[in-house]
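Just final-v4.cif here, mmCIF, C-alpha atoms:
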```cif
data_model
loop_
_atom_site.label_atom_id
_atom_site.label_comp_id
_atom_site.auth_asym_id
_atom_site.auth_seq_id
_atom_site.Cartn_x
_atom_site.Cartn_y
_atom_site.Cartn_z
CA MET A 1 -68.83 -2.07 -28.49
CA LEU A 2 -70.27 -3.43 -31.75
CA LYS A 3 -69.54 -6.98 -30.65
CA GLN A 4 -71.34 -6.38 -27.34
CA VAL A 5 -74.41 -4.98 -29.12
CA THR A 6 -74.41 -7.91 -31.55
CA TYR A 7 -74.13 -10.35 -28.63
CA ILE A 8 -77.06 -8.71 -26.81
CA LEU A 9 -79.21 -8.73 -29.98
CA ASN A 10 -78.46 -12.41 -30.52
CA ILE A 11 -79.46 -13.21 -26.95
CA LEU A 12 -82.71 -11.27 -27.36
CA PHE A 13 -83.45 -13.04 -30.64
CA LEU A 14 -82.82 -16.48 -29.14
CA SER A 15 -84.96 -15.61 -26.14
CA CYS A 16 -87.85 -14.48 -28.32
CA PHE A 17 -87.48 -17.55 -30.55
CA THR A 18 -87.44 -19.86 -27.52
CA LEU A 19 -90.50 -18.13 -26.06
CA TRP A 20 -92.34 -18.46 -29.39
CA THR A 21 -91.41 -22.15 -29.63
CA VAL A 22 -92.59 -22.89 -26.09
CA GLN A 23 -95.85 -21.05 -26.65
CA ALA A 24 -96.40 -22.92 -29.90
CA GLN A 25 -95.90 -26.31 -28.25
CA ASP A 26 -97.15 -25.83 -24.72
CA PRO A 27 -100.65 -24.41 -24.20
CA VAL A 28 -100.78 -21.85 -21.41
CA PRO A 29 -102.92 -23.03 -18.47
CA ALA A 30 -106.46 -21.67 -18.61
CA SER A 31 -107.63 -18.71 -16.55
CA PRO A 32 -110.57 -19.02 -14.12
CA GLN A 33 -114.04 -18.50 -15.54
CA THR A 34 -115.02 -14.83 -15.57
CA GLU A 35 -118.45 -14.86 -17.20
CA PRO A 36 -121.37 -17.28 -17.53
CA ILE A 37 -121.20 -19.72 -20.44
CA LEU A 38 -124.14 -21.27 -22.28
CA LEU A 39 -123.72 -24.42 -24.36
CA ILE A 40 -126.86 -24.77 -26.44
CA GLY A 41 -128.20 -27.17 -29.04
CA GLY A 42 -125.93 -30.16 -28.43
CA THR A 43 -126.77 -33.73 -27.46
CA ALA A 44 -125.77 -34.02 -23.80
CA HIS A 45 -124.63 -37.45 -22.59
CA ILE A 46 -125.16 -37.06 -18.85
CA GLY A 47 -122.95 -39.99 -17.86
CA ASN A 48 -125.59 -41.84 -15.85
CA GLY A 49 -127.34 -43.36 -18.84
CA LYS A 50 -129.52 -40.37 -19.66
CA VAL A 51 -129.33 -38.27 -22.82
CA ILE A 52 -130.75 -34.78 -23.40
CA GLU A 53 -131.29 -33.86 -27.03
CA ASN A 54 -131.12 -30.17 -27.93
CA SER A 55 -129.67 -29.38 -24.51
CA ALA A 56 -128.88 -26.12 -22.78
CA ILE A 57 -126.09 -26.11 -20.20
CA ILE A 58 -125.35 -23.02 -18.13
CA ILE A 59 -121.92 -22.78 -16.48
CA GLU A 60 -121.28 -20.24 -13.75
CA ALA A 61 -118.33 -19.88 -11.35
CA GLY A 62 -116.90 -23.21 -12.48
CA LYS A 63 -120.09 -25.16 -11.76
CA ILE A 64 -122.99 -26.45 -13.84
CA LYS A 65 -125.80 -24.16 -12.81
CA ASN A 66 -128.50 -25.74 -14.95
CA ILE A 67 -128.96 -28.37 -17.64
CA ALA A 68 -132.18 -29.18 -19.46
CA ASN A 69 -133.82 -29.31 -22.86
CA ALA A 70 -133.33 -25.94 -24.54
CA GLN A 71 -137.08 -25.67 -25.19
CA ILE A 72 -138.05 -25.73 -21.53
CA ILE A 73 -135.21 -23.83 -19.88
CA LYS A 74 -135.58 -20.06 -19.47
CA LEU A 75 -132.79 -18.28 -21.34
CA GLY A 76 -134.36 -14.89 -22.02
CA ASP A 77 -132.29 -12.99 -19.49
CA PHE A 78 -129.00 -14.89 -20.02
CA LYS A 79 -125.98 -12.62 -20.16
CA GLY A 80 -122.69 -14.22 -21.00
CA LYS A 81 -120.89 -16.21 -23.68
CA THR A 82 -122.99 -18.51 -25.88
CA ILE A 83 -121.49 -21.50 -27.71
CA ARG A 84 -123.70 -23.06 -30.38
CA CYS A 85 -123.48 -26.86 -30.31
CA GLU A 86 -126.08 -28.00 -32.86
CA GLY A 87 -125.19 -31.41 -34.28
CA LYS A 88 -122.48 -31.90 -31.65
CA HIS A 89 -122.14 -34.04 -28.53
CA ILE A 90 -121.39 -32.95 -24.97
CA TYR A 91 -119.84 -35.33 -22.43
CA PRO A 92 -118.60 -35.18 -18.85
CA GLY A 93 -114.82 -35.08 -18.74
CA PHE A 94 -113.43 -38.61 -19.02
CA ILE A 95 -111.36 -39.90 -16.12
CA ALA A 96 -108.15 -41.92 -16.63
CA LEU A 97 -107.41 -44.21 -13.69
CA ASN A 98 -104.21 -46.08 -12.88
CA THR A 99 -102.06 -44.01 -15.23
CA ASN A 100 -98.61 -42.48 -14.87
CA ILE A 101 -99.54 -39.23 -16.58
CA GLY A 102 -97.27 -36.52 -15.20
CA LEU A 103 -94.78 -39.09 -13.91
CA THR A 104 -93.15 -40.04 -17.18
CA GLU A 105 -92.29 -38.36 -20.46
CA VAL A 106 -90.28 -40.72 -22.67
CA ASN A 107 -90.35 -44.37 -21.62
CA ALA A 108 -87.02 -45.03 -23.33
CA VAL A 109 -85.32 -42.26 -21.32
CA ARG A 110 -84.82 -43.37 -17.74
CA ALA A 111 -84.26 -39.83 -16.46
CA SER A 112 -87.79 -38.89 -17.53
CA ARG A 113 -89.45 -41.78 -15.65
CA ASP A 114 -90.40 -40.87 -12.09
CA PHE A 115 -93.01 -43.48 -11.18
CA ASP A 116 -91.03 -46.42 -9.74
CA GLU A 117 -88.94 -46.11 -6.58
CA LEU A 118 -86.34 -48.56 -5.32
CA GLY A 119 -87.47 -51.07 -2.73
CA ALA A 120 -90.53 -53.28 -2.35
CA ILE A 121 -92.50 -51.42 0.35
CA ASN A 122 -93.03 -47.73 -0.47
CA PRO A 123 -96.46 -46.57 0.76
CA ASN A 124 -94.93 -43.19 1.65
CA VAL A 125 -94.05 -42.43 -1.99
CA ARG A 126 -96.46 -39.74 -3.23
CA ALA A 127 -97.25 -39.33 -6.90
CA LEU A 128 -98.65 -35.88 -6.12
CA ILE A 129 -95.38 -34.06 -5.55
CA ALA A 130 -93.69 -35.79 -8.50
CA TYR A 131 -96.42 -34.72 -10.94
CA ASN A 132 -95.00 -32.67 -13.81
CA ALA A 133 -97.60 -30.17 -15.02
CA GLU A 134 -95.30 -29.25 -17.94
CA SER A 135 -95.51 -32.71 -19.52
CA LYS A 136 -96.19 -32.54 -23.27
CA ILE A 137 -98.26 -35.70 -22.91
CA ILE A 138 -100.97 -33.86 -20.96
CA PRO A 139 -102.26 -31.66 -23.85
CA THR A 140 -102.28 -34.72 -26.12
CA VAL A 141 -104.36 -36.79 -23.69
CA ARG A 142 -106.91 -34.10 -22.92
CA SER A 143 -107.44 -33.41 -26.63
CA ASN A 144 -109.53 -36.60 -26.66
CA GLY A 145 -111.69 -35.56 -23.71
CA VAL A 146 -109.66 -37.06 -20.84
CA LEU A 147 -109.69 -34.20 -18.32
CA ILE A 148 -108.96 -35.87 -14.97
CA ALA A 149 -106.30 -38.50 -14.24
CA GLN A 150 -105.30 -40.66 -11.32
CA SER A 151 -101.53 -40.27 -11.31
CA THR A 152 -100.26 -43.60 -10.00
CA PRO A 153 -96.84 -44.93 -8.97
CA ARG A 154 -95.58 -48.35 -10.10
CA GLY A 155 -93.36 -51.17 -8.92
CA GLY A 156 -92.65 -53.19 -5.80
CA LEU A 157 -95.20 -54.80 -3.51
CA ILE A 158 -96.57 -51.45 -2.34
CA SER A 159 -95.90 -48.83 -5.00
CA GLY A 160 -97.03 -45.72 -3.16
CA THR A 161 -99.94 -43.31 -3.04
CA SER A 162 -101.83 -41.98 -6.05
CA SER A 163 -103.54 -38.59 -6.43
CA LEU A 164 -106.26 -37.26 -8.70
CA MET A 165 -105.11 -34.50 -11.01
CA MET A 166 -106.89 -32.07 -13.30
CA LEU A 167 -105.10 -32.03 -16.64
CA ASP A 168 -104.48 -28.30 -16.57
CA GLY A 169 -102.47 -26.13 -14.22
CA TRP A 170 -99.21 -24.32 -13.71
CA ASN A 171 -97.90 -26.85 -11.19
CA TRP A 172 -99.00 -29.84 -9.13
CA GLU A 173 -100.67 -27.59 -6.55
CA ASP A 174 -102.87 -26.04 -9.25
CA ALA A 175 -103.65 -29.38 -10.88
CA MET A 176 -104.51 -31.29 -7.69
CA TYR A 177 -108.10 -32.47 -7.49
CA LYS A 178 -107.79 -34.95 -4.61
CA ALA A 179 -104.54 -35.66 -2.80
CA ASP A 180 -103.40 -39.14 -1.74
CA ASP A 181 -106.64 -40.89 -2.64
CA GLY A 182 -105.27 -44.39 -2.10
CA VAL A 183 -102.39 -46.83 -1.66
CA HIS A 184 -101.46 -49.25 -4.46
CA MET A 185 -100.52 -52.85 -3.67
CA ASN A 186 -99.26 -55.40 -6.22
CA TRP A 187 -100.33 -58.83 -5.01
CA PRO A 188 -97.61 -61.50 -5.53
CA GLN A 189 -98.41 -63.79 -8.45
CA SER A 190 -98.50 -67.56 -8.13
CA TYR A 191 -96.74 -67.94 -11.45
CA ILE A 192 -94.29 -65.61 -13.15
CA ARG A 193 -93.05 -65.50 -16.71
CA ARG A 194 -89.39 -66.18 -17.34
CA GLY A 195 -87.68 -64.74 -20.37
CA TRP A 196 -89.31 -62.79 -23.18
CA TRP A 197 -92.85 -63.28 -24.42
CA GLY A 198 -92.95 -66.36 -26.62
CA SER A 199 -89.75 -67.84 -25.20
CA SER A 200 -89.62 -71.54 -24.44
CA ARG A 201 -89.13 -70.97 -20.71
CA GLY A 202 -92.79 -69.98 -20.26
CA MET A 203 -94.37 -69.73 -16.80
CA GLU A 204 -92.74 -70.86 -13.57
CA ILE A 205 -93.91 -71.12 -9.99
CA ASN A 206 -93.13 -67.96 -8.04
CA LYS A 207 -90.97 -69.28 -5.20
CA LYS A 208 -90.90 -65.84 -3.56
CA LYS A 209 -94.67 -65.53 -3.18
CA LYS A 210 -94.88 -66.77 0.42
CA LYS A 211 -92.02 -64.51 1.50
CA ASP A 212 -93.54 -61.50 -0.29
CA ILE A 213 -96.93 -62.06 1.35
CA GLN A 214 -95.20 -62.15 4.71
CA LYS A 215 -93.59 -58.79 3.94
CA LEU A 216 -97.04 -57.39 3.21
CA ALA A 217 -98.43 -58.94 6.39
CA ASP A 218 -95.70 -57.31 8.47
CA ILE A 219 -96.31 -53.81 7.11
CA PHE A 220 -100.11 -54.10 7.31
CA GLU A 221 -99.99 -55.38 10.88
CA ALA A 222 -97.72 -52.52 11.91
CA ALA A 223 -99.77 -49.93 10.01
CA ALA A 224 -103.04 -51.17 11.53
CA ALA A 225 -101.56 -50.94 15.02
CA ASN A 226 -100.26 -47.46 14.30
CA ALA A 227 -103.69 -46.35 13.09
CA GLU A 228 -105.25 -47.44 16.39
CA GLY A 229 -103.28 -44.93 18.38
CA SER A 230 -99.57 -45.58 18.68
CA ARG A 231 -98.89 -42.80 16.12
CA SER A 232 -95.39 -43.82 15.17
CA PRO A 233 -93.35 -41.15 13.36
CA ASN A 234 -92.60 -43.85 10.76
CA LEU A 235 -93.66 -42.31 7.43
CA ARG A 236 -94.49 -45.68 5.90
CA LEU A 237 -96.96 -46.50 8.65
CA ALA A 238 -98.43 -43.00 8.77
CA SER A 239 -99.06 -43.02 5.00
CA MET A 240 -101.26 -46.13 5.35
CA ALA A 241 -103.38 -44.89 8.27
CA GLY A 242 -106.23 -43.81 5.99
CA LEU A 243 -106.78 -47.40 4.86
CA PHE A 244 -108.13 -48.32 8.28
CA THR A 245 -110.35 -45.28 8.72
CA GLY A 246 -111.88 -45.28 5.24
CA ARG A 247 -110.21 -42.03 4.22
CA GLN A 248 -108.14 -43.84 1.59
CA ARG A 249 -108.71 -46.77 -0.74
CA LEU A 250 -106.50 -49.81 -1.13
CA TYR A 251 -105.99 -50.50 -4.83
CA ILE A 252 -105.08 -54.16 -5.27
CA HIS A 253 -103.40 -54.91 -8.59
CA THR A 254 -103.95 -58.51 -9.64
CA ASN A 255 -105.60 -60.57 -12.37
CA GLN A 256 -105.88 -64.29 -11.64
CA VAL A 257 -109.12 -65.44 -10.01
CA ASN A 258 -107.48 -67.19 -7.03
CA GLU A 259 -105.24 -64.19 -6.41
CA ILE A 260 -108.20 -61.81 -6.60
CA ILE A 261 -109.95 -63.68 -3.80
CA GLU A 262 -106.92 -64.23 -1.57
CA SER A 263 -105.70 -60.63 -1.86
CA ILE A 264 -109.09 -59.18 -0.95
CA ARG A 265 -109.43 -61.54 2.02
CA PHE A 266 -105.92 -60.55 3.10
CA ALA A 267 -106.82 -56.84 3.09
CA GLN A 268 -110.10 -57.46 4.90
CA SER A 269 -108.34 -59.43 7.62
CA TYR A 270 -106.46 -56.26 8.60
CA GLY A 271 -109.56 -54.07 8.66
CA VAL A 272 -109.07 -52.19 5.37
CA LYS A 273 -112.34 -50.30 4.81
CA LYS A 274 -112.36 -49.61 1.07
CA ILE A 275 -110.88 -51.98 -1.49
CA VAL A 276 -110.67 -51.59 -5.27
CA LEU A 277 -109.49 -54.31 -7.66
CA VAL A 278 -107.21 -53.10 -10.45
CA GLY A 279 -106.54 -55.20 -13.54
CA GLY A 280 -109.21 -57.80 -12.90
CA ARG A 281 -108.73 -59.92 -16.00
CA ASP A 282 -110.50 -62.83 -14.24
CA ALA A 283 -113.01 -60.63 -12.41
CA TRP A 284 -115.87 -62.24 -14.33
CA MET A 285 -114.93 -65.59 -12.77
CA ALA A 286 -115.08 -64.09 -9.26
CA ALA A 287 -118.23 -62.03 -9.90
CA ASP A 288 -120.27 -63.50 -7.02
CA PHE A 289 -117.42 -62.91 -4.55
CA LEU A 290 -116.85 -59.34 -5.74
CA LYS A 291 -120.53 -58.49 -5.56
CA GLU A 292 -120.92 -60.04 -2.11
CA HIS A 293 -118.06 -57.93 -0.75
CA ASP A 294 -118.95 -54.81 -2.77
CA ILE A 295 -115.58 -54.61 -4.52
CA PRO A 296 -115.43 -52.30 -7.58
CA VAL A 297 -113.13 -53.12 -10.47
CA ILE A 298 -110.82 -50.95 -12.56
CA LEU A 299 -110.43 -53.02 -15.72
CA ALA A 300 -107.02 -52.72 -17.34
CA LYS A 301 -106.89 -52.00 -21.05
CA ILE A 302 -109.29 -54.33 -22.77
CA HIS A 303 -107.41 -54.07 -26.07
CA SER A 304 -105.49 -57.19 -25.09
CA LEU A 305 -105.12 -60.77 -26.17
CA PRO A 306 -106.76 -63.48 -24.05
CA SER A 307 -104.54 -64.77 -21.26
CA ARG A 308 -105.35 -68.46 -21.80
CA SER A 309 -105.27 -70.53 -24.95
CA ASP A 310 -108.85 -71.75 -24.40
CA ASP A 311 -110.36 -68.30 -23.78
CA ASP A 312 -112.72 -66.79 -26.31
CA ILE A 313 -110.81 -64.53 -28.68
CA ASP A 314 -113.05 -61.59 -27.77
CA LEU A 315 -113.12 -62.21 -24.01
CA SER A 316 -111.15 -59.05 -23.18
CA PHE A 317 -113.56 -56.94 -25.22
CA ARG A 318 -116.59 -58.47 -23.46
CA LEU A 319 -115.30 -58.08 -19.90
CA PRO A 320 -117.15 -54.78 -19.28
CA TYR A 321 -120.42 -56.35 -20.45
CA LEU A 322 -119.90 -59.39 -18.21
CA LEU A 323 -119.36 -57.18 -15.16
CA GLN A 324 -122.30 -54.97 -16.14
CA GLU A 325 -124.56 -58.03 -16.27
CA ALA A 326 -123.22 -59.24 -12.91
CA GLY A 327 -124.11 -55.93 -11.27
CA ILE A 328 -120.52 -55.04 -10.35
CA LEU A 329 -119.33 -51.44 -10.31
CA TYR A 330 -116.48 -51.14 -12.81
CA CYS A 331 -114.69 -48.62 -15.00
CA LEU A 332 -112.18 -48.75 -17.82
CA SER A 333 -108.51 -47.87 -17.68
CA TYR A 334 -105.77 -47.86 -20.28
CA SER A 335 -103.32 -48.89 -17.53
CA GLY A 336 -100.30 -48.51 -19.74
CA GLY A 337 -97.95 -45.70 -20.60
CA ALA A 338 -99.09 -42.15 -20.08
CA THR A 339 -99.43 -41.35 -23.77
CA GLY A 340 -101.73 -44.32 -24.37
CA SER A 341 -104.32 -42.85 -22.01
CA ARG A 342 -105.49 -40.69 -24.89
CA ASN A 343 -107.10 -43.88 -26.26
CA LEU A 344 -109.32 -44.31 -23.18
CA PRO A 345 -112.50 -43.18 -25.01
CA PHE A 346 -111.88 -45.79 -27.70
CA LEU A 347 -111.66 -48.58 -25.12
CA ALA A 348 -115.19 -47.56 -24.21
CA GLY A 349 -116.08 -47.65 -27.89
CA THR A 350 -114.85 -51.24 -28.11
CA ALA A 351 -116.89 -52.17 -25.02
CA ALA A 352 -119.95 -50.65 -26.71
CA ALA A 353 -119.34 -52.86 -29.74
CA TYR A 354 -119.19 -55.96 -27.52
CA GLY A 355 -122.29 -55.76 -25.37
CA LEU A 356 -122.56 -52.41 -23.59
CA THR A 357 -124.94 -49.70 -24.71
CA LYS A 358 -123.31 -46.44 -25.77
CA GLU A 359 -124.41 -44.71 -22.57
CA GLN A 360 -123.13 -47.55 -20.38
CA ALA A 361 -119.80 -47.22 -22.18
CA VAL A 362 -119.75 -43.46 -21.51
CA ALA A 363 -120.43 -44.16 -17.83
CA ALA A 364 -117.51 -46.61 -17.79
CA VAL A 365 -115.08 -43.72 -18.32
CA SER A 366 -116.95 -41.02 -16.41
CA ALA A 367 -119.65 -41.66 -13.77
CA ASN A 368 -118.45 -45.12 -12.77
CA ALA A 369 -114.86 -43.93 -12.47
CA ALA A 370 -115.98 -41.04 -10.25
CA LYS A 371 -117.94 -43.42 -8.00
CA ILE A 372 -114.98 -45.75 -7.60
CA LEU A 373 -112.73 -42.81 -6.69
CA GLY A 374 -115.29 -41.31 -4.31
CA ILE A 375 -115.60 -38.02 -6.21
CA ASP A 376 -119.04 -38.62 -7.73
CA GLN A 377 -120.58 -35.85 -5.62
CA THR A 378 -118.60 -33.25 -7.54
CA THR A 379 -117.81 -34.70 -10.97
CA GLY A 380 -118.40 -37.58 -13.38
CA THR A 381 -121.83 -36.53 -14.67
CA LEU A 382 -123.47 -33.45 -16.16
CA GLU A 383 -125.74 -32.37 -13.32
CA PRO A 384 -126.52 -29.05 -11.60
CA GLY A 385 -124.13 -28.23 -8.79
CA LYS A 386 -121.29 -30.37 -10.07
CA ASP A 387 -117.98 -29.12 -11.42
CA ALA A 388 -118.18 -27.89 -14.99
CA THR A 389 -115.62 -30.42 -16.25
CA LEU A 390 -116.90 -31.39 -19.68
CA PHE A 391 -116.16 -31.25 -23.39
CA VAL A 392 -117.87 -30.78 -26.74
CA SER A 393 -117.09 -33.09 -29.66
CA SER A 394 -118.24 -32.67 -33.22
CA GLY A 395 -118.76 -36.45 -33.38
CA ASP A 396 -119.06 -39.59 -31.28
CA ALA A 397 -116.38 -39.32 -28.59
CA LEU A 398 -116.07 -43.13 -28.43
CA ASP A 399 -115.28 -43.42 -32.13
CA MET A 400 -111.75 -42.54 -33.20
CA ARG A 401 -113.02 -41.76 -36.71
CA SER A 402 -115.34 -38.98 -35.61
CA ASN A 403 -114.19 -37.78 -32.19
CA GLN A 404 -113.03 -34.20 -32.57
CA VAL A 405 -112.98 -32.21 -29.34
CA GLU A 406 -113.78 -28.58 -30.10
CA HIS A 407 -114.28 -27.18 -26.59
CA ALA A 408 -113.17 -28.46 -23.18
CA PHE A 409 -113.72 -27.06 -19.72
CA ILE A 410 -112.17 -28.00 -16.37
CA ASN A 411 -114.04 -26.40 -13.47
CA GLY A 412 -115.43 -23.90 -15.96
CA LYS A 413 -112.01 -22.93 -17.31
CA ALA A 414 -111.83 -23.04 -21.10
CA ILE A 415 -108.92 -25.33 -21.93
CA ARG A 416 -106.63 -24.65 -24.85
CA LEU A 417 -106.71 -27.74 -27.05
CA SER A 418 -103.46 -27.17 -28.92
CA SER A 419 -100.66 -29.68 -28.42
CA HIS A 420 -97.37 -30.78 -29.89
CA HIS A 421 -99.36 -32.85 -32.39
CA THR A 422 -101.54 -29.95 -33.54
CA MET A 423 -98.44 -27.80 -33.89
CA LEU A 424 -96.86 -30.40 -36.20
CA TYR A 425 -100.11 -30.69 -38.14
CA GLU A 426 -100.27 -26.95 -38.78
CA LYS A 427 -96.57 -26.85 -39.60
CA TYR A 428 -96.70 -29.50 -42.31
CA LYS A 429 -100.15 -28.52 -43.52
CA GLY A 430 -98.68 -25.14 -44.38
CA LYS A 431 -95.69 -26.76 -46.05
CA TYR A 432 -97.81 -28.79 -48.47
CA GLU A 433 -100.33 -26.04 -49.03
CA ARG A 434 -97.43 -23.93 -50.26
CA GLY A 435 -96.25 -26.84 -52.43
CA GLU A 436 -92.83 -26.95 -50.80
#
```
Take the structure in the file and write it out as structure tokens.
Amino acid sequence: MLKQVTYILNILFLSCFTLWTVQAQDPVPASPQTEPILLIGGTAHIGNGKVIENSAIIIEAGKIKNIANAQIIKLGDFKGKTIRCEGKHIYPGFIALNTNIGLTEVNAVRASRDFDELGAINPNVRALIAYNAESKIIPTVRSNGVLIAQSTPRGGLISGTSSLMMLDGWNWEDAMYKADDGVHMNWPQSYIRRGWWGSSRGMEINKKKKKDIQKLADIFEAAAANAEGSRSPNLRLASMAGLFTGRQRLYIHTNQVNEIIESIRFAQSYGVKKIVLVGGRDAWMAADFLKEHDIPVILAKIHSLPSRSDDDIDLSFRLPYLLQEAGILYCLSYSGGATGSRNLPFLAGTAAAYGLTKEQAVAAVSANAAKILGIDQTTGTLEPGKDATLFVSSGDALDMRSNQVEHAFINGKAIRLSSHHTMLYEKYKGKYERGE
């Protein structure tokens, strides 16, 4: 009997310890907004280039009800929670595009990577249902103000379909912001690298390019025919139907100037309505073509070395400015591993140091991203009627030295900003404070 009691007590202890550990590491998803919230006194960066000093922002039922200078807005009868923001900065929630947040956990552990399916043609693969809301990467990323992410598959010629996710929720259904927003195509390169970076083998002609383009032509021709009325039960064809009606976007991943032009012309020849260029390292060289055809660009991480030996050393940093001057709609993307997306605001900071104004850089990770995704009617800027997805930082959100997010809201829900990193900080802070 004593052994049984001891066994039960041990189980209860382990259960409580496990529950405490999980709660310490994993913030509980936020509850819906229950009372009005007033953010007052902060500098509001609207996202469209405008700034309101000493702002007052009223949030009700998950929406921005009003935003104006605190001296002209009527607050006498306000009843709700007030958050003082004097000396602080308020931004729309930053949007991470072309990321595998929720689809990977540890890159070195294959079992935790769920973003690349076997086969070359996988338009029916949906990132949405693979999204892991329990990922420990999510709290880390949103602690820097990234509150919405485009969860994107990888690999093959057609990787699959991405979805827009709010970085808070119990499961993928809770986190979903926009399902199946677009199909991702990797255009075959003319040259491919053999061996490791820096190896003597260098670049070689891609002998498979013609064959790969024919594979793409076959699936696009079949999908276009299916969209016109044949309604095949083929899941691959059905998943591409939105490309020909304008319901979905085709995200073309490519970098070289000749490949940018030929891939866009390829998609247009099959009647694709909405095209977005992803990567776009040479987009500045095809600026006239992109502007003529109204093609927006998702720039891959600009913290990169130049691709050619005769490029300016700071060309990658100046790419946003070059596209801004050319009048092309663009946004910034980390486009790497999920964890790296937390550095998205600092890419914007680099762009601001190399030509953009600070407000143009803010737009490059908020308003511009929302426009490219087609969600600018509901998010991306701090305006009345839009979703209350925003955050408050004690410093400049684009500067890693001063960005410190103190409050964050997704659709008016107050997000818990603890993460695995903050848990470790508190753990070892206590250790050294005690002199252990």
Problem - For Lys358 (chain A), the nearest of the candidates A:Pro345, A:Gly435, A:Pro306, A:Gly430, counting all atoms listed in the file - result: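 Using all atoms listed in the file, the shortest distance to Lys358 (chain A) belongs to A:Pro345.
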Practice task
One decimal, Å: what's the distance from CA of Arg308 (chain A) over to CA of Gly337 (chain A), could you say?
Solution key: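 Distance between the two atoms: 24.0 Å.
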Problem - Top pick for closest residue to Tyr270 (chain A), considering A:Glu325, A:Ile219, A:Trp284, A:Arg236 and counting all atoms listed in the file - result: A:Ile219
Written as a CSV table (one decimal) with C-alpha atoms, keeping the file's coordinate frame, what is the full residue list that the PyMOL selection byres ((chain A and resi 55) around 9) yields on the file shown?
```
chain,number,residue,atom,x,y,z
A,39,LEU,CA,-123.7,-24.4,-24.4
A,40,ILE,CA,-126.9,-24.8,-26.4
A,41,GLY,CA,-128.2,-27.2,-29.0
A,42,GLY,CA,-125.9,-30.2,-28.4
A,43,THR,CA,-126.8,-33.7,-27.5
A,44,ALA,CA,-125.8,-34.0,-23.8
A,52,ILE,CA,-130.8,-34.8,-23.4
A,53,GLU,CA,-131.3,-33.9,-27.0
A,54,ASN,CA,-131.1,-30.2,-27.9
A,56,ALA,CA,-128.9,-26.1,-22.8
A,57,ILE,CA,-126.1,-26.1,-20.2
A,67,ILE,CA,-129.0,-28.4,-17.6
A,68,ALA,CA,-132.2,-29.2,-19.5
A,69,ASN,CA,-133.8,-29.3,-22.9
A,70,ALA,CA,-133.3,-25.9,-24.5
A,71,GLN,CA,-137.1,-25.7,-25.2
A,85,CYS,CA,-123.5,-26.9,-30.3
```
Problem - Gap from CA of Lys207 (chain A) to CA of Thr254 (chain A) - Å, one decimal - result: 17.4 Å
Pick out the residues sitting within 10 Å of Asn234 (chain A), and hand them over as a PDB file with C-alpha atoms, keeping the file's coordinate frame; count only C-alpha atoms, and ignore anything fewer than 4 positions along from it in its own chain.
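Saved as around_33.pdb:
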```
ATOM      1  CA  ASN A 124     -94.930 -43.190   1.650  1.00  0.00           C
ATOM      2  CA  ALA A 223     -99.770 -49.930  10.010  1.00  0.00           C
ATOM      3  CA  ASN A 226    -100.260 -47.460  14.300  1.00  0.00           C
ATOM      4  CA  ALA A 238     -98.430 -43.000   8.770  1.00  0.00           C
ATOM      5  CA  SER A 239     -99.060 -43.020   5.000  1.00  0.00           C
TER       6      SER A 239
END
```
Practice task
Identify which of the residues A:Asp282, A:Glu105, A:Glu262, A:Asp376 lies closest to Leu319 (chain A), counting only C-alpha atoms when measuring atom-to-atom distances.
Solution key: A:Asp282
Problem - Selection result for the PyMOL selection byres ((chain A and resi 422) around 10) on this file, as a VMD selection string - result: chain A and resid 24 to 25 139 to 140 143 417 to 421 423 to 427
Since we have the selection now, will you write its residues out, keeping C-alpha atoms, as a PDB file, in the coordinates of the input?
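Dumped everything to result02.pdb:
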```pdb
ATOM      1  CA  ALA A  24     -96.400 -22.920 -29.900  1.00  0.00           C
ATOM      2  CA  GLN A  25     -95.900 -26.310 -28.250  1.00  0.00           C
ATOM      3  CA  PRO A 139    -102.260 -31.660 -23.850  1.00  0.00           C
ATOM      4  CA  THR A 140    -102.280 -34.720 -26.120  1.00  0.00           C
ATOM      5  CA  SER A 143    -107.440 -33.410 -26.630  1.00  0.00           C
ATOM      6  CA  LEU A 417    -106.710 -27.740 -27.050  1.00  0.00           C
ATOM      7  CA  SER A 418    -103.460 -27.170 -28.920  1.00  0.00           C
ATOM      8  CA  SER A 419    -100.660 -29.680 -28.420  1.00  0.00           C
ATOM      9  CA  HIS A 420     -97.370 -30.780 -29.890  1.00  0.00           C
ATOM     10  CA  HIS A 421     -99.360 -32.850 -32.390  1.00  0.00           C
ATOM     11  CA  MET A 423     -98.440 -27.800 -33.890  1.00  0.00           C
ATOM     12  CA  LEU A 424     -96.860 -30.400 -36.200  1.00  0.00           C
ATOM     13  CA  TYR A 425    -100.110 -30.690 -38.140  1.00  0.00           C
ATOM     14  CA  GLU A 426    -100.270 -26.950 -38.780  1.00  0.00           C
ATOM     15  CA  LYS A 427     -96.570 -26.850 -39.600  1.00  0.00           C
TER      16      LYS A 427
END
```
Practice task
Give me the result of the PyMOL selection byres ((chain A and resi 329) around 8) on this file, residue by residue, as a list in words.
Solution key: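 Selected by the PyMOL selection byres ((chain A and resi 329) around 8) in this file: Ile295, Pro296, Val297, Leu323, Gln324, Gly327, Ile328, Tyr330, Cys331, Asn368 and Ile372 of chain A.
From CA of Asp396 (chain A) back to CA of Gly349 (chain A), the distance works out to 9.2 Å.
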